[in-house]
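Shown next: data-v4.cif, containing mmCIF, C-alpha atoms.
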```
data_run
#
loop_
_atom_site.label_atom_id
_atom_site.label_comp_id
_atom_site.auth_asym_id
_atom_site.auth_seq_id
_atom_site.Cartn_x
_atom_site.Cartn_y
_atom_site.Cartn_z
CA MET A 1 11.65 10.63 -35.93
CA ASP A 2 7.92 11.08 -36.30
CA PHE A 3 5.34 8.32 -36.59
CA VAL A 4 4.96 8.50 -40.39
CA SER A 5 8.68 8.41 -41.10
CA GLY A 6 8.99 5.57 -38.60
CA LEU A 7 6.37 3.59 -40.51
CA SER A 8 8.07 4.22 -43.84
CA ARG A 9 11.43 3.19 -42.29
CA GLN A 10 9.81 0.00 -41.01
CA LYS A 11 8.44 -0.78 -44.48
CA ARG A 12 11.83 -0.14 -46.10
CA THR A 13 14.03 -1.95 -43.60
CA GLY A 14 11.70 -4.37 -41.89
CA ALA A 15 12.95 -3.02 -38.54
CA ASN A 16 10.55 -2.46 -35.67
CA VAL A 17 10.50 1.16 -34.65
CA PRO A 18 9.38 1.99 -31.12
CA LEU A 19 6.47 4.31 -30.69
CA HIS A 20 7.96 7.03 -28.52
CA SER A 21 4.89 9.11 -27.84
CA TRP A 22 1.58 10.16 -29.23
CA GLY A 23 0.99 12.42 -26.26
CA ILE A 24 -1.60 9.97 -24.95
CA ALA A 25 -1.83 9.18 -21.26
CA HIS A 26 -4.46 6.82 -20.00
CA PRO A 27 -5.43 7.44 -16.37
CA LEU A 28 -5.24 3.74 -15.55
CA LEU A 29 -1.69 3.39 -16.86
CA GLN A 30 -0.11 4.98 -13.78
CA LYS A 31 -2.32 2.87 -11.52
CA GLN A 32 -1.11 -0.30 -13.29
CA ILE A 33 2.51 0.84 -12.94
CA ASP A 34 1.99 1.57 -9.22
CA ILE A 35 0.36 -1.83 -8.66
CA ALA A 36 3.21 -3.61 -10.43
CA GLU A 37 5.78 -1.76 -8.30
CA ASP A 38 3.83 -2.51 -5.11
CA LEU A 39 3.51 -6.21 -5.93
CA LYS A 40 7.22 -6.45 -6.70
CA LYS A 41 8.09 -4.80 -3.37
CA ILE A 42 5.71 -7.08 -1.45
CA GLU A 43 7.33 -10.15 -3.05
CA THR A 44 10.78 -8.81 -2.15
CA LEU A 45 9.73 -8.29 1.48
CA LYS A 46 8.10 -11.73 1.64
CA LYS A 47 11.37 -13.33 0.54
CA GLN A 48 13.54 -11.10 2.73
CA PHE A 49 11.61 -11.91 5.90
CA SER A 50 10.40 -15.42 4.92
CA TRP A 51 6.78 -14.47 5.56
CA GLN A 52 4.05 -17.06 5.40
CA VAL A 53 1.33 -14.88 3.91
CA ASP A 54 -0.96 -15.69 1.02
CA LEU A 55 -3.29 -12.75 0.42
CA PRO A 56 -4.68 -11.55 -2.92
CA PHE A 57 -2.57 -8.36 -2.91
CA ARG A 58 -3.27 -7.54 -6.56
CA ASP A 59 -7.03 -7.66 -5.92
CA PHE A 60 -6.69 -5.42 -2.87
CA LEU A 61 -4.64 -2.87 -4.80
CA LEU A 62 -7.06 -2.92 -7.73
CA GLU A 63 -9.90 -2.24 -5.29
CA ASN A 64 -7.99 0.80 -3.92
CA TYR A 65 -7.00 -0.71 -0.60
CA SER A 66 -3.92 0.81 0.97
CA ILE A 67 -1.31 -1.57 2.32
CA ILE A 68 0.94 -0.68 5.24
CA ILE A 69 3.67 -2.85 6.73
CA THR A 70 5.17 -2.12 10.13
CA ASN A 71 7.80 -3.77 12.25
CA LEU A 72 6.90 -5.14 15.68
CA GLU A 73 7.50 -1.71 17.22
CA ARG A 74 4.74 -0.52 14.84
CA GLU A 75 7.06 1.69 12.82
CA ILE A 76 6.14 1.85 9.16
CA ILE A 77 8.66 0.08 6.93
CA TRP A 78 6.66 0.15 3.68
CA ILE A 79 3.47 1.65 2.27
CA SER A 80 1.67 1.16 -1.03
CA HIS A 81 1.15 3.93 -3.56
CA ASN A 82 -2.56 3.92 -2.62
CA PHE A 83 -1.63 4.90 0.95
CA VAL A 84 0.33 7.92 -0.26
CA LYS A 85 -2.66 9.00 -2.36
CA LEU A 86 -5.09 8.43 0.52
CA THR A 87 -3.16 10.32 3.19
CA GLY A 88 -1.33 13.00 1.22
CA TYR A 89 1.92 12.13 2.98
CA SER A 90 4.97 11.15 0.97
CA GLU A 91 6.72 7.84 1.49
CA GLU A 92 9.63 9.67 3.11
CA GLU A 93 7.28 11.30 5.64
CA LEU A 94 5.68 7.98 6.58
CA ILE A 95 8.57 5.50 6.73
CA GLY A 96 9.88 5.19 10.28
CA ASN A 97 6.77 6.76 11.82
CA LYS A 98 3.86 4.96 13.43
CA PRO A 99 0.41 4.78 11.82
CA MET A 100 -0.98 6.51 14.90
CA MET A 101 0.42 9.74 13.39
CA LEU A 102 -2.77 9.68 11.29
CA GLN A 103 -5.01 9.74 14.35
CA GLY A 104 -6.40 12.81 16.08
CA GLU A 105 -9.04 14.13 18.42
CA LYS A 106 -11.93 12.49 16.54
CA THR A 107 -10.27 9.06 16.53
CA ASP A 108 -12.24 6.81 18.86
CA GLU A 109 -10.32 5.72 21.96
CA LYS A 110 -12.11 2.34 21.99
CA SER A 111 -10.83 1.63 18.48
CA ARG A 112 -7.29 2.64 19.48
CA ASN A 113 -7.41 0.34 22.51
CA LYS A 114 -8.81 -2.57 20.50
CA ILE A 115 -6.03 -2.21 17.94
CA ARG A 116 -3.34 -1.92 20.61
CA GLU A 117 -4.62 -4.97 22.54
CA ASN A 118 -4.91 -7.20 19.49
CA LEU A 119 -1.44 -6.24 18.27
CA GLN A 120 0.07 -7.02 21.66
CA LYS A 121 -1.48 -10.51 21.44
CA PHE A 122 -0.49 -10.91 17.76
CA GLU A 123 -4.15 -11.36 16.80
CA SER A 124 -5.74 -10.25 13.54
CA LEU A 125 -8.42 -7.63 13.80
CA LYS A 126 -10.87 -5.47 11.92
CA ALA A 127 -11.71 -1.95 13.02
CA LYS A 128 -13.25 1.25 11.77
CA VAL A 129 -11.27 4.38 12.61
CA ILE A 130 -11.23 8.07 11.91
CA ASN A 131 -7.88 9.22 10.56
CA TYR A 132 -6.50 12.52 9.30
CA ARG A 133 -4.84 13.35 5.99
CA LYS A 134 -1.74 15.53 5.86
CA ASN A 135 -3.91 18.56 5.12
CA GLY A 136 -5.94 17.91 8.30
CA GLU A 137 -9.00 16.53 6.51
CA VAL A 138 -10.81 13.76 8.39
CA TYR A 139 -11.53 10.43 6.70
CA ASN A 140 -13.20 7.22 7.88
CA CYS A 141 -11.56 3.94 7.09
CA ASN A 142 -11.91 0.25 7.65
CA ILE A 143 -8.70 -1.39 8.74
CA GLU A 144 -7.81 -5.06 8.81
CA ILE A 145 -4.50 -5.96 10.46
CA PHE A 146 -2.63 -9.25 10.23
CA PRO A 147 0.47 -10.27 12.18
CA LEU A 148 3.10 -11.71 9.83
CA MET A 149 5.03 -14.82 10.73
CA ASN A 150 8.24 -16.15 9.23
CA ASP A 151 9.17 -19.73 8.31
CA SER A 152 10.33 -20.36 11.89
CA GLY A 153 6.94 -19.42 13.32
CA ASN A 154 8.12 -16.11 14.79
CA PHE A 155 6.11 -12.92 14.40
CA THR A 156 8.15 -10.30 12.56
CA HIS A 157 5.80 -7.60 11.24
CA PHE A 158 2.22 -6.40 10.91
CA LEU A 159 0.38 -5.88 7.65
CA ALA A 160 -2.61 -3.56 7.52
CA LEU A 161 -5.20 -3.16 4.78
CA GLU A 162 -6.97 0.16 4.88
CA LYS A 163 -9.85 1.43 2.77
CA GLU A 164 -11.65 4.72 3.00
CA VAL A 165 -15.39 4.46 3.59
CA CYS A 166 -18.08 7.10 3.36
#
```

Encoded form using structure tokens:
Amino acid sequence: MDFVSGLSRQKRTGANVPLHSWGIAHPLLQKQIDIAEDLKKIETLKKQFSWQVDLPFRDFLLENYSIIITNLEREIIWISHNFVKLTGYSEEELIGNKPMMLQGEKTDEKSRNKIRENLQKFESLKAKVINYRKNGEVYNCNIEIFPLMNDSGNFTHFLALEKEVC
């Protein structure tokens, strides 16, 4: 059914006819879909693990931050759509690996040590690191990492916010 016949059917029957397609795709539509999916997954994880975290996730995603969640062994359990776009890796390639897979010879050892030390103490931190995309391209990013605690006061995971900087 085309648009015109749909309109005439609506006038005749009073029925609402869905608009199937005009062949229009707005670039922000996919971003909004990705954000909605990411927010839903974050809420699911928060409930599953009883996390006590109150961060403006929607704002971070709108501002193109990548979100990464790892377990205490620092294995990735979830990544946002922005992280896939930033790194070029698929979700399947990232889940179960450690974020250090993105590091390479230009990654500063002092930054690595600072991150490692703070995580061992379950302390939040901010750092600037050099990472590598799947294609080998170098990128600079600011990272902020938060340990996540459950209702019982036990640390269960780490959440990292990452944003590419020039």

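The gap separating CA of Glu144 (chain A) from CA of Leu125 (chain A) is 5.6 Å, in Å to one decimal.
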
Answer key for the PyMOL selection byres ((chain A and resi 124) around 8), residues as a PyMOL selection string:
chain A and resi 118-119+122-123+125-126+144-147

Could you list, as a PyMOL selection string, every residue matched by the PyMOL selection byres ((chain A and resi 156) around 12) in this structure?
chain A and resi 45-46+48-53+69-74+77+119+122+146-155+157-159

Any chance you can output those residues with C-alpha atoms as a compact mmCIF listing (two decimals), in the coordinates of the input?
```
# COMPACT_ATOMS: atom_id res chain seq x y z
CA LEU A 45 9.73 -8.29 1.48
CA LYS A 46 8.10 -11.73 1.64
CA GLN A 48 13.54 -11.10 2.73
CA PHE A 49 11.61 -11.91 5.90
CA SER A 50 10.40 -15.42 4.92
CA TRP A 51 6.78 -14.47 5.56
CA GLN A 52 4.05 -17.06 5.40
CA VAL A 53 1.33 -14.88 3.91
CA ILE A 69 3.67 -2.85 6.73
CA THR A 70 5.17 -2.12 10.13
CA ASN A 71 7.80 -3.77 12.25
CA LEU A 72 6.90 -5.14 15.68
CA GLU A 73 7.50 -1.71 17.22
CA ARG A 74 4.74 -0.52 14.84
CA ILE A 77 8.66 0.08 6.93
CA LEU A 119 -1.44 -6.24 18.27
CA PHE A 122 -0.49 -10.91 17.76
CA PHE A 146 -2.63 -9.25 10.23
CA PRO A 147 0.47 -10.27 12.18
CA LEU A 148 3.10 -11.71 9.83
CA MET A 149 5.03 -14.82 10.73
CA ASN A 150 8.24 -16.15 9.23
CA ASP A 151 9.17 -19.73 8.31
CA SER A 152 10.33 -20.36 11.89
CA GLY A 153 6.94 -19.42 13.32
CA ASN A 154 8.12 -16.11 14.79
CA PHE A 155 6.11 -12.92 14.40
CA HIS A 157 5.80 -7.60 11.24
CA PHE A 158 2.22 -6.40 10.91
CA LEU A 159 0.38 -5.88 7.65
```

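The residue set within 10 Å of Val138 (chain A), counting all atoms listed in the file and dropping same-chain residues fewer than 2 places from it, reads Thr87, Leu102, Gln103, Gly104, Lys106, Thr107, Ile130, Asn131, Tyr132, Arg133, Lys134, Asn135, Gly136, Asn140 and Cys141 of chain A.
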
On this file, the PyMOL selection byres ((chain A and resi 89) around 12) gives some set of residues; write that set as an NGL selection string.
:A and (79-88 or 90-95 or 97 or 99 or 101-102 or 132-136)

Two-atom distance - CA of Leu55 (chain A), CA of Tyr139 (chain A) (Å):
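Going from CA of Leu55 (chain A) over to CA of Tyr139 (chain A), I get 25.4 Å.
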
I'd like the contact shell of region 26-36 of chain A - 12 Å cut-off, all atoms listed in the file, skipping same-chain residues fewer than 3 positions apart - returned as a list in words.
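Skipping anything fewer than 3 positions along the chain leaves Trp22, Gly23, Leu39, Lys40, Lys41, Ile42, Glu43, Phe57, Arg58, Asp59, Phe60, Leu61, Leu62, Glu63, Asn64, Tyr65, Ser66, Ile67, Ile79, Ser80, His81, Asn82, Phe83, Val84 and Lys85 of chain A.
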
When you draw a straight line from CA of Glu164 (chain A) to CA of Lys121 (chain A), how long is it in Å?
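It comes out at 26.0 Å.
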
Quick one: of A:Ile76, A:Val165, A:Pro56, A:Asn142, who's nearest to Ser111 (chain A), counting all atoms listed in the file?
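So, comparing all the options, the nearest one is A:Asn142.
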
Can you sort out the box for region 79-96 of chain A, edges along x, y and z, all listed atoms in, 3 Å on every side, with centre and edge lengths in Å to one decimal, as JSON?
```
{"center_x": 2.4, "center_y": 7.1, "center_z": 3.4, "size_x": 21.0, "size_y": 17.8, "size_z": 19.8}
```

Of the residues A:Ala127, A:Ile68, A:Lys98, A:Trp78, which is the one nearest to Asn113 (chain A), using all atoms listed in the file?
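Between A:Ala127, A:Ile68, A:Lys98, A:Trp78, the residue approaching Asn113 (chain A) most closely is A:Ala127.
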
Which is closer to Lys128 (chain A) than all the others in A:Glu162, A:Gly96, A:Arg116, A:Glu37, using all atoms listed in the file?
A:Glu162

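Of the listed residues (A:Glu75, A:Glu109, A:Lys163, A:Glu117), A:Lys163 comes nearest to Ile143 (chain A); the distances count all atoms listed in the file.
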